[in-house]
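Shown here: entry_4.csv, CSV, C-alpha atoms and all ligand atoms.
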chain,number,residue,atom,x,y,z
A,1,MET,CA,25.0,27.2,20.8
A,2,PRO,CA,21.6,27.2,19.1
A,3,SER,CA,20.8,24.3,16.9
A,4,PRO,CA,21.3,24.6,13.1
A,5,LEU,CA,17.5,25.4,13.0
A,6,ALA,CA,18.0,28.9,14.3
A,7,HIS,CA,21.1,29.6,12.1
A,8,LEU,CA,19.4,28.2,8.9
A,9,ALA,CA,16.3,30.3,9.7
A,10,ALA,CA,18.5,33.5,9.8
A,11,GLY,CA,20.2,32.5,6.5
A,12,SER,CA,16.8,31.8,5.0
A,13,ALA,CA,15.6,35.2,6.0
A,14,PHE,CA,18.5,37.0,4.4
A,15,ALA,CA,18.1,34.8,1.2
A,16,PHE,CA,14.4,35.6,1.1
A,17,PHE,CA,14.8,39.3,1.4
A,18,THR,CA,17.8,39.6,-1.0
A,19,GLY,CA,16.9,36.9,-3.5
A,20,LYS,CA,13.8,38.4,-5.0
A,21,THR,CA,15.3,38.8,-8.4
A,22,GLY,CA,12.9,36.7,-10.4
A,23,ASN,CA,15.8,34.7,-11.7
A,24,LEU,CA,15.6,31.2,-10.3
A,25,ARG,CA,19.2,30.4,-11.1
A,26,THR,CA,20.5,33.4,-9.2
A,27,SER,CA,17.9,32.9,-6.5
A,28,TRP,CA,19.0,29.4,-5.5
A,29,ARG,CA,22.6,30.6,-5.5
A,30,ILE,CA,21.7,33.3,-3.0
A,31,TRP,CA,20.1,30.7,-0.8
A,32,ALA,CA,23.3,28.5,-1.0
A,33,VAL,CA,25.5,31.5,-0.1
A,34,CYS,CA,23.3,32.7,2.7
A,35,LEU,CA,22.7,29.3,4.3
A,36,GLY,CA,26.4,28.4,3.8
A,37,PHE,CA,27.7,31.5,5.6
A,38,SER,CA,25.1,31.3,8.3
A,39,MET,CA,26.4,27.8,9.2
A,40,ALA,CA,30.1,28.4,8.3
A,41,PRO,CA,31.4,28.9,11.9
A,42,ASP,CA,30.0,25.5,12.9
A,43,ALA,CA,32.1,23.7,10.3
A,44,ASP,CA,34.5,23.1,13.2
A,45,ALA,CA,31.9,20.8,14.7
A,46,VAL,CA,32.5,18.3,11.9
A,47,LEU,CA,36.2,18.1,12.9
A,48,GLY,CA,35.1,17.7,16.6
A,49,ILE,CA,32.7,14.8,15.8
A,50,LEU,CA,35.3,13.1,13.6
A,51,GLN,CA,38.0,13.4,16.4
A,52,GLY,CA,35.5,12.5,19.1
A,53,SER,CA,36.0,15.7,21.1
A,54,LEU,CA,33.5,18.3,20.2
A,55,ALA,CA,34.4,20.7,23.1
A,56,VAL,CA,38.1,20.9,22.0
A,57,PHE,CA,37.4,21.7,18.3
A,58,HIS,CA,34.0,23.3,18.3
A,59,ASN,CA,33.3,27.0,19.1
A,60,GLN,CA,36.9,28.2,19.0
A,61,PHE,CA,38.5,30.8,16.7
A,62,SER,CA,36.0,30.1,13.9
A,63,HIS,CA,33.5,32.0,16.0
A,64,SER,CA,35.4,35.3,15.7
A,65,LEU,CA,34.9,38.5,13.7
A,66,GLY,CA,38.5,38.3,12.5
A,67,PHE,CA,38.1,34.8,11.1
A,68,GLY,CA,34.8,35.8,9.5
A,69,ILE,CA,36.4,38.8,7.7
A,70,VAL,CA,39.3,36.6,6.4
A,71,LEU,CA,36.9,33.8,5.3
A,72,CYS,CA,34.5,36.1,3.5
A,73,ALA,CA,37.4,37.9,1.8
A,74,ALA,CA,39.0,34.6,0.8
A,75,CYS,CA,35.8,33.2,-0.6
A,76,LEU,CA,35.1,36.3,-2.7
A,77,PRO,CA,36.3,34.8,-6.0
A,78,LEU,CA,33.8,31.9,-5.5
A,79,THR,CA,30.9,33.9,-4.0
A,80,ARG,CA,31.2,36.6,-6.8
A,81,ARG,CA,30.9,33.8,-9.4
A,82,MET,CA,27.8,32.5,-7.6
A,83,LEU,CA,26.1,35.9,-7.5
A,84,PRO,CA,26.5,37.3,-11.0
A,85,GLY,CA,25.5,41.0,-11.2
A,86,TRP,CA,26.5,41.7,-7.6
A,87,ASN,CA,29.5,43.9,-6.9
A,88,VAL,CA,32.3,43.0,-4.5
A,89,ARG,CA,31.0,45.2,-1.7
A,90,GLY,CA,27.5,43.7,-1.9
A,91,VAL,CA,28.7,40.1,-1.9
A,92,PHE,CA,31.1,40.8,1.0
A,93,THR,CA,28.4,42.5,3.0
A,94,LEU,CA,25.9,39.7,2.5
A,95,THR,CA,28.4,37.0,3.5
A,96,ILE,CA,29.7,38.9,6.6
A,97,VAL,CA,26.2,39.7,7.7
A,98,CYS,CA,25.2,36.0,7.5
A,99,PHE,CA,28.4,35.0,9.3
A,100,GLY,CA,28.0,37.8,11.9
A,101,THR,CA,24.4,36.7,12.6
A,102,HIS,CA,25.7,33.3,13.6
A,103,LEU,CA,28.1,34.9,16.0
A,104,LEU,CA,25.3,37.1,17.4
A,105,PHE,CA,23.0,34.0,18.0
A,106,ASP,CA,25.8,32.1,19.7
A,107,TRP,CA,26.6,35.1,21.8
A,108,MET,CA,22.9,35.2,23.0
A,109,THR,CA,22.9,31.5,23.9
A,110,TYR,CA,23.5,29.7,27.2
A,111,GLY,CA,27.0,28.2,27.3
A,112,ARG,CA,30.6,29.3,27.4
A,113,GLY,CA,30.4,32.3,25.1
A,114,VAL,CA,32.2,33.1,21.9
A,115,MET,CA,35.8,34.2,21.1
A,116,LEU,CA,34.6,37.3,19.3
A,117,MET,CA,37.9,39.2,19.3
A,118,TRP,CA,40.3,36.4,18.3
A,119,PRO,CA,43.2,36.7,17.3
A,120,PHE,CA,43.6,39.8,19.5
A,121,SER,CA,42.1,38.1,22.6
A,122,SER,CA,40.9,34.6,23.4
A,123,ALA,CA,38.4,36.0,25.9
A,124,ARG,CA,34.9,34.7,25.6
A,125,PHE,CA,31.9,37.0,25.3
A,126,GLN,CA,28.3,36.3,26.3
A,127,SER,CA,25.2,38.3,26.2
A,128,PRO,CA,23.8,39.2,29.7
A,129,VAL,CA,20.4,38.1,28.3
A,130,GLN,CA,20.4,34.6,27.0
A,131,VAL,CA,17.7,34.3,24.3
A,132,PHE,CA,18.5,30.7,23.2
A,133,HIS,CA,18.4,27.6,25.4
A,134,GLY,CA,21.1,26.1,23.2
A,135,LEU,CA,21.7,22.6,21.8
A,136,ARG,CA,23.3,20.7,24.7
A,137,TRP,CA,25.6,18.1,23.0
A,138,SER,CA,26.8,16.8,26.4
A,139,GLU,CA,23.3,15.4,27.1
A,140,GLY,CA,23.6,12.9,24.3
A,141,VAL,CA,21.7,12.4,21.1
A,142,PHE,CA,18.4,11.3,22.7
A,143,SER,CA,17.6,13.7,25.5
A,144,SER,CA,14.4,15.5,26.5
A,145,THR,CA,16.4,18.8,26.7
A,146,HIS,CA,16.5,18.8,22.9
A,147,LEU,CA,12.8,19.3,23.0
A,148,ASP,CA,13.3,22.4,25.1
A,149,THR,CA,15.8,23.6,22.5
A,150,LEU,CA,13.3,23.0,19.7
A,151,ILE,CA,10.4,24.8,21.5
A,152,ASN,CA,12.6,27.7,22.4
A,153,GLU,CA,14.1,28.2,18.9
A,154,SER,CA,10.7,27.7,17.2
A,155,SER,CA,9.2,30.4,19.4
A,156,VAL,CA,12.0,32.9,18.8
A,157,ILE,CA,11.9,32.3,15.0
A,158,ALA,CA,8.1,32.7,15.1
A,159,CYS,CA,8.3,36.0,17.1
A,160,VAL,CA,11.0,37.3,14.7
A,161,ALA,CA,9.0,36.2,11.6
A,162,LEU,CA,5.8,37.8,13.1
A,163,ALA,CA,7.7,41.0,13.7
A,164,ALA,CA,9.1,41.0,10.2
A,165,TRP,CA,5.6,40.3,8.7
A,166,GLY,CA,4.1,43.1,10.9
A,167,LEU,CA,6.8,45.6,9.8
A,168,ARG,CA,6.2,44.7,6.1
A,169,PHE,CA,2.5,45.0,6.5
A,170,PHE,CA,2.9,48.4,8.3
A,171,LEU,CA,5.2,49.7,5.6
A,172,LYS,CA,2.9,48.5,2.8
A,173,GLN,CA,-0.1,50.2,4.6
A,174,LYS,CA,1.9,53.4,4.9
A,175,GLN,CA,2.8,53.3,1.2
A,176,THR,CA,-0.8,52.9,0.1
A,177,THR,CA,-2.1,55.8,2.3
A,178,HIS,CA,0.5,58.3,0.8
B,201,ZN,ZN,28.3,28.3,16.3

Go ahead and express the file in the form of structure tokens.
Ligand SMILES: [Zn+2]
Amino acid sequence: MPSPLAHLAAGSAFAFFTGKTGNLRTSWRIWAVCLGFSMAPDADAVLGILQGSLAVFHNQFSHSLGFGIVLCAACLPLTRRMLPGWNVRGVFTLTIVCFGTHLLFDWMTYGRGVMLMWPFSSARFQSPVQVFHGLRWSEGVFSSTHLDTLINESSVIACVALAAWGLRFFLKQKQTTH
């Protein structure tokens, strides 16, 4: 699984692009919703750490589309209150996209894959191309492999940010020439 750095960067990107309302109060709430749902599947890691067995509790059914849909639907009364002016469809879409991006990143990471189709199947799915080196908990807290993770994730984030900046620049240029 990637470290929280990659997931929080994805959540920040969604908050940045959707939160440009000029209303600071609403804006921080969008950040809270986006970052929260981008990290939500990894809440099971807290249980794993407390129980001293990360592998047993972490990256199980919480990393599935089915769980994501139920969670986002169940949280709607809260998330709608946090995002006044947003309709149900908008809030649900924002939260499921943040949640789904977490699953996408984990799917693209070196490791045992994710149970995307739970509860219909407990099979684990993994991308044939592994973009992320992953945070290797089994190596312990102080390991040089975490440096590889940091360099890998910073590079991916920088490439995506550069592509987003380039696209925005290109669209702006196109607008001014018309
Ligand atoms: Zn995860």

Selection within 8 Å of ligand ZN 201 (chain B) by only C-alpha atoms and all ligand atoms, output as a ChimeraX atom specification: /A:1-2,39,41-42,58-59,63,102-103,105-106

Only C-alpha atoms, please: the residues just picked out, written as a short mmCIF file (atom, residue, chain, number, x, y, z; two decimals), in the frame of the given file.
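Once everything was written out, this is result22.cif:
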data_model
loop_
_atom_site.label_atom_id
_atom_site.label_comp_id
_atom_site.auth_asym_id
_atom_site.auth_seq_id
_atom_site.Cartn_x
_atom_site.Cartn_y
_atom_site.Cartn_z
CA MET A 1 25.00 27.20 20.80
CA PRO A 2 21.60 27.20 19.10
CA MET A 39 26.40 27.80 9.20
CA PRO A 41 31.40 28.90 11.90
CA ASP A 42 30.00 25.50 12.90
CA HIS A 58 34.00 23.30 18.30
CA ASN A 59 33.30 27.00 19.10
CA HIS A 63 33.50 32.00 16.00
CA HIS A 102 25.70 33.30 13.60
CA LEU A 103 28.10 34.90 16.00
CA PHE A 105 23.00 34.00 18.00
CA ASP A 106 25.80 32.10 19.70
#

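The space between atom CA of A:Gly36 and atom CA of A:Gly52 spans 23.9 Å.
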
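Atom CA of A:Thr79 to atom CA of A:Ile96 spans 11.8 Å [interatomic distance, one decimal].
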
Shortest interatomic distance to A:Met108 - which of A:Gly85, A:Gly11, A:Gly134, A:Gly166, counting only C-alpha atoms: A:Gly134

Nearest residue to A:Leu150 out of A:Leu135, A:Ser62, A:Thr93, A:Thr177, using all atoms listed in the file? A:Leu135

Which residues come within 12 Å of A:Phe14, counting only C-alpha atoms, excluding same-chain residues fewer than 4 positions away, as a count of residues only? 27

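Between atom CA of A:Leu5 and atom CA of A:Phe67 the interatomic distance comes to 22.7 Å.
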
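In this comparison, which uses all atoms listed in the file, the residue of A:Val56, A:Ser3, A:Leu65, A:Val114 approaching A:Leu147 most closely is A:Ser3.
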
Using the structure block above, produce a file of stretch 44-143 of chain A that contains C-alpha atoms, as a PDB file, in the first residue's frame.
ATOM      1  CA  ASP A  44      -8.605  -0.592   9.654  1.00  0.00           C
ATOM      2  CA  ALA A  45      -4.836  -0.106  10.188  1.00  0.00           C
ATOM      3  CA  VAL A  46      -5.595   1.574  13.542  1.00  0.00           C
ATOM      4  CA  LEU A  47      -7.351  -1.601  14.689  1.00  0.00           C
ATOM      5  CA  GLY A  48      -4.437  -3.675  13.373  1.00  0.00           C
ATOM      6  CA  ILE A  49      -1.867  -1.587  15.272  1.00  0.00           C
ATOM      7  CA  LEU A  50      -3.921  -1.716  18.471  1.00  0.00           C
ATOM      8  CA  GLN A  51      -4.294  -5.494  18.157  1.00  0.00           C
ATOM      9  CA  GLY A  52      -0.616  -5.930  17.198  1.00  0.00           C
ATOM     10  CA  SER A  53      -1.455  -7.675  13.943  1.00  0.00           C
ATOM     11  CA  LEU A  54      -1.563  -5.318  11.000  1.00  0.00           C
ATOM     12  CA  ALA A  55      -1.739  -8.061   8.333  1.00  0.00           C
ATOM     13  CA  VAL A  56      -4.878  -9.616   9.860  1.00  0.00           C
ATOM     14  CA  PHE A  57      -6.891  -6.400  10.135  1.00  0.00           C
ATOM     15  CA  HIS A  58      -5.433  -4.113   7.467  1.00  0.00           C
ATOM     16  CA  ASN A  59      -6.387  -4.178   3.770  1.00  0.00           C
ATOM     17  CA  GLN A  60      -9.383  -6.485   4.087  1.00  0.00           C
ATOM     18  CA  PHE A  61     -13.041  -5.757   3.199  1.00  0.00           C
ATOM     19  CA  SER A  62     -12.634  -2.010   3.868  1.00  0.00           C
ATOM     20  CA  HIS A  63     -10.720  -1.895   0.570  1.00  0.00           C
ATOM     21  CA  SER A  64     -13.743  -2.813  -1.574  1.00  0.00           C
ATOM     22  CA  LEU A  65     -16.144  -0.856  -3.758  1.00  0.00           C
ATOM     23  CA  GLY A  66     -19.115  -2.398  -1.910  1.00  0.00           C
ATOM     24  CA  PHE A  67     -17.890  -1.141   1.470  1.00  0.00           C
ATOM     25  CA  GLY A  68     -17.143   2.267  -0.076  1.00  0.00           C
ATOM     26  CA  ILE A  69     -20.672   2.653  -1.450  1.00  0.00           C
ATOM     27  CA  VAL A  70     -22.244   1.669   1.898  1.00  0.00           C
ATOM     28  CA  LEU A  71     -19.887   3.966   3.857  1.00  0.00           C
ATOM     29  CA  CYS A  72     -20.430   6.985   1.585  1.00  0.00           C
ATOM     30  CA  ALA A  73     -24.220   6.449   1.673  1.00  0.00           C
ATOM     31  CA  ALA A  74     -24.243   5.996   5.473  1.00  0.00           C
ATOM     32  CA  CYS A  75     -22.181   9.175   5.948  1.00  0.00           C
ATOM     33  CA  LEU A  76     -24.461  11.305   3.726  1.00  0.00           C
ATOM     34  CA  PRO A  77     -26.365  12.941   6.644  1.00  0.00           C
ATOM     35  CA  LEU A  78     -23.003  14.123   8.039  1.00  0.00           C
ATOM     36  CA  THR A  79     -21.264  14.974   4.759  1.00  0.00           C
ATOM     37  CA  ARG A  80     -24.286  16.935   3.489  1.00  0.00           C
ATOM     38  CA  ARG A  81     -24.204  19.021   6.661  1.00  0.00           C
ATOM     39  CA  MET A  82     -20.491  19.613   6.123  1.00  0.00           C
ATOM     40  CA  LEU A  83     -21.017  20.797   2.538  1.00  0.00           C
ATOM     41  CA  PRO A  84     -23.963  23.192   2.588  1.00  0.00           C
ATOM     42  CA  GLY A  85     -25.185  24.053  -0.896  1.00  0.00           C
ATOM     43  CA  TRP A  86     -24.176  20.684  -2.327  1.00  0.00           C
ATOM     44  CA  ASN A  87     -26.876  18.249  -3.418  1.00  0.00           C
ATOM     45  CA  VAL A  88     -26.949  14.568  -2.455  1.00  0.00           C
ATOM     46  CA  ARG A  89     -25.558  13.405  -5.796  1.00  0.00           C
ATOM     47  CA  GLY A  90     -22.643  15.861  -5.644  1.00  0.00           C
ATOM     48  CA  VAL A  91     -21.671  14.918  -2.092  1.00  0.00           C
ATOM     49  CA  PHE A  92     -21.942  11.186  -2.799  1.00  0.00           C
ATOM     50  CA  THR A  93     -19.908  11.525  -6.001  1.00  0.00           C
ATOM     51  CA  LEU A  94     -17.148  13.512  -4.268  1.00  0.00           C
ATOM     52  CA  THR A  95     -16.835  11.028  -1.386  1.00  0.00           C
ATOM     53  CA  ILE A  96     -16.936   7.882  -3.548  1.00  0.00           C
ATOM     54  CA  VAL A  97     -14.344   9.348  -5.950  1.00  0.00           C
ATOM     55  CA  CYS A  98     -11.996  10.092  -3.012  1.00  0.00           C
ATOM     56  CA  PHE A  99     -12.597   6.603  -1.590  1.00  0.00           C
ATOM     57  CA  GLY A 100     -12.233   4.979  -5.022  1.00  0.00           C
ATOM     58  CA  THR A 101      -8.934   6.767  -5.683  1.00  0.00           C
ATOM     59  CA  HIS A 102      -7.541   5.172  -2.519  1.00  0.00           C
ATOM     60  CA  LEU A 103      -8.521   1.737  -3.879  1.00  0.00           C
ATOM     61  CA  LEU A 104      -6.994   2.623  -7.265  1.00  0.00           C
ATOM     62  CA  PHE A 105      -3.668   3.611  -5.661  1.00  0.00           C
ATOM     63  CA  ASP A 106      -3.582   0.464  -3.515  1.00  0.00           C
ATOM     64  CA  TRP A 107      -4.398  -1.615  -6.611  1.00  0.00           C
ATOM     65  CA  MET A 108      -1.376  -0.062  -8.355  1.00  0.00           C
ATOM     66  CA  THR A 109       0.980  -0.884  -5.464  1.00  0.00           C
ATOM     67  CA  TYR A 110       3.386  -3.738  -4.840  1.00  0.00           C
ATOM     68  CA  GLY A 111       1.807  -6.120  -2.312  1.00  0.00           C
ATOM     69  CA  ARG A 112      -1.047  -8.595  -2.008  1.00  0.00           C
ATOM     70  CA  GLY A 113      -3.670  -6.645  -3.956  1.00  0.00           C
ATOM     71  CA  VAL A 114      -7.108  -5.446  -2.840  1.00  0.00           C
ATOM     72  CA  MET A 115     -10.455  -7.196  -2.295  1.00  0.00           C
ATOM     73  CA  LEU A 116     -12.242  -4.920  -4.754  1.00  0.00           C
ATOM     74  CA  MET A 117     -15.326  -7.103  -5.241  1.00  0.00           C
ATOM     75  CA  TRP A 118     -16.092  -7.971  -1.620  1.00  0.00           C
ATOM     76  CA  PRO A 119     -18.728  -9.161  -0.483  1.00  0.00           C
ATOM     77  CA  PHE A 120     -19.270 -11.000  -3.792  1.00  0.00           C
ATOM     78  CA  SER A 121     -15.729 -12.310  -3.894  1.00  0.00           C
ATOM     79  CA  SER A 122     -12.731 -12.302  -1.557  1.00  0.00           C
ATOM     80  CA  ALA A 123     -10.341 -12.481  -4.526  1.00  0.00           C
ATOM     81  CA  ARG A 124      -7.567  -9.910  -4.500  1.00  0.00           C
ATOM     82  CA  PHE A 125      -6.896  -7.748  -7.543  1.00  0.00           C
ATOM     83  CA  GLN A 126      -3.636  -6.086  -8.478  1.00  0.00           C
ATOM     84  CA  SER A 127      -2.580  -3.935 -11.382  1.00  0.00           C
ATOM     85  CA  PRO A 128      -0.148  -5.592 -13.832  1.00  0.00           C
ATOM     86  CA  VAL A 129       1.845  -2.345 -13.661  1.00  0.00           C
ATOM     87  CA  GLN A 130       2.886  -1.408 -10.122  1.00  0.00           C
ATOM     88  CA  VAL A 131       3.323   2.332  -9.926  1.00  0.00           C
ATOM     89  CA  PHE A 132       3.902   2.532  -6.165  1.00  0.00           C
ATOM     90  CA  HIS A 133       6.733   0.879  -4.240  1.00  0.00           C
ATOM     91  CA  GLY A 134       4.453   0.792  -1.187  1.00  0.00           C
ATOM     92  CA  LEU A 135       4.979   1.294   2.504  1.00  0.00           C
ATOM     93  CA  ARG A 136       6.479  -1.958   3.790  1.00  0.00           C
ATOM     94  CA  TRP A 137       5.346  -2.217   7.404  1.00  0.00           C
ATOM     95  CA  SER A 138       7.079  -5.572   7.849  1.00  0.00           C
ATOM     96  CA  GLU A 139      10.485  -3.844   7.510  1.00  0.00           C
ATOM     97  CA  GLY A 140       9.926  -2.030  10.816  1.00  0.00           C
ATOM     98  CA  VAL A 141       9.637   1.661  11.604  1.00  0.00           C
ATOM     99  CA  PHE A 142      13.267   2.567  10.841  1.00  0.00           C
ATOM    100  CA  SER A 143      14.202   1.075   7.493  1.00  0.00           C
TER     101      SER A 143
END
